[in-house]
Amino acid sequence: MTNEAVSPPIVESDARSANTRQAVGLVLLLGVSYMFNAMDRQVFPALLGGIRADYGLSLPQAGFVSTVFTVNVAIYAALSGWFMARFGRRHVLLGGLAGYSLFTLLTPLATGFVSLMVLRALTGVGEALQVGAVFACMGAYFGARRGAAMGAMQTFFGLGAFLGPVLGTRLESSSSSWSASFYVYGVAGIAMAIVAAVVIPLEFTDAGAAPSLARNAECRLLRSGHAISF
């Protein structure tokens, strides 16, 4: 009698603890991926001296390539909702992370001002899509606690903005090349995308998505002339 009376609260407590651990793990995983986003943004200006010397950039050109990614951040942040509706949060989240990490990895392979500009601009596409998907997933999954979860994301962004230039300049000093940081950050971001694809559950990325999917299915039925009457 005594064991039966106390077992349900223990099971409920264990389930609650497991959910809490999962939530914390998801915040940490997404936070680290968001931290790489900030590191990529901030490392380029910190290494601009060496980059400018290698490519023979003028001062206006150097300023442009260090900020050109923000143009696509502005454009694709506005379009991120369409991408998520079209391809799903999961694909946009992972694609954005892998995309900007790939273009970061390719940055040292640029042959001149134009290719360097294109690669840096394309990183902005991935960064904007990843950020939009991260916050959409957080808001849908955490519900009433989304404010705390999103606040945690900003903490990771701040850490990345600090660590990006610090680690980047140290890598440049130890390797005598500015390109080392882009290789390291790019590989780390792609590895994080692979880990996220394996570890992040569908109930996180697809939380709250069912009503939208139902509405889309209904719209397709209406367009095809097979509306359901009640």
# chains A, B, ... in the order shown; residues from 1 in each chain; ligands from 1

call {"tool": "residues_around", "arguments": {"residues": "Pro45 in chain A", "least_positions_apart": "6", "cutoff": "10 Å", "atoms": "only C-alpha atoms", "output": "JSON, numbers by chain"}}
result
{"A": [51, 62, 63, 65, 66, 67, 165]}

call {"tool": "write_last_selection", "arguments": {"atoms": "C-alpha atoms", "output": "mmCIF file, in the first residue's frame"}}
result
data_model
loop_
_atom_site.group_PDB
_atom_site.id
_atom_site.type_symbol
_atom_site.label_atom_id
_atom_site.label_comp_id
_atom_site.auth_asym_id
_atom_site.auth_seq_id
_atom_site.Cartn_x
_atom_site.Cartn_y
_atom_site.Cartn_z
ATOM 1 C CA ILE A 51 42.703 40.370 -45.146
ATOM 2 C CA ALA A 62 37.566 46.709 -46.843
ATOM 3 C CA GLY A 63 34.695 48.418 -45.076
ATOM 4 C CA VAL A 65 33.252 43.441 -47.457
ATOM 5 C CA SER A 66 33.219 43.519 -43.664
ATOM 6 C CA THR A 67 29.596 44.718 -43.558
ATOM 7 C CA PRO A 165 37.546 38.235 -32.216
#

call {"tool": "residues_around", "arguments": {"residues": "Val43 in chain A", "least_positions_apart": "4", "cutoff": "8 Å", "atoms": "only C-alpha atoms", "output": "number ranges by chain"}}
result
A: 39, 47, 164-165, 168, 181

call {"tool": "closest_residue", "arguments": {"among": "A:Val131, A:Val32, A:Val166, A:Leu97", "to": "Ser80 in chain A", "atoms": "only C-alpha atoms"}}
result
A:Val131

call {"tool": "closest_residue", "arguments": {"among": "A:Thr123, A:Gly96, A:Cys137, A:Phe157", "to": "Thr70 in chain A", "atoms": "only C-alpha atoms"}}
result
A:Thr123

call {"tool": "closest_atom_pairs", "arguments": {"of": "range 23-89 of chain A", "to": "range 106-113 of chain A", "cutoff": "8 Å", "atoms": "only C-alpha atoms", "output": "JSON lines"}}
result
{"residue": "A:Tyr55", "atom": "CA", "partner": "A:Gly112", "partner_atom": "CA", "distance": 6.0}
{"residue": "A:Leu57", "atom": "CA", "partner": "A:Phe113", "partner_atom": "CA", "distance": 7.1}
{"residue": "A:Gln61", "atom": "CA", "partner": "A:Phe113", "partner_atom": "CA", "distance": 7.6}
{"residue": "A:Val65", "atom": "CA", "partner": "A:Phe113", "partner_atom": "CA", "distance": 8.0}
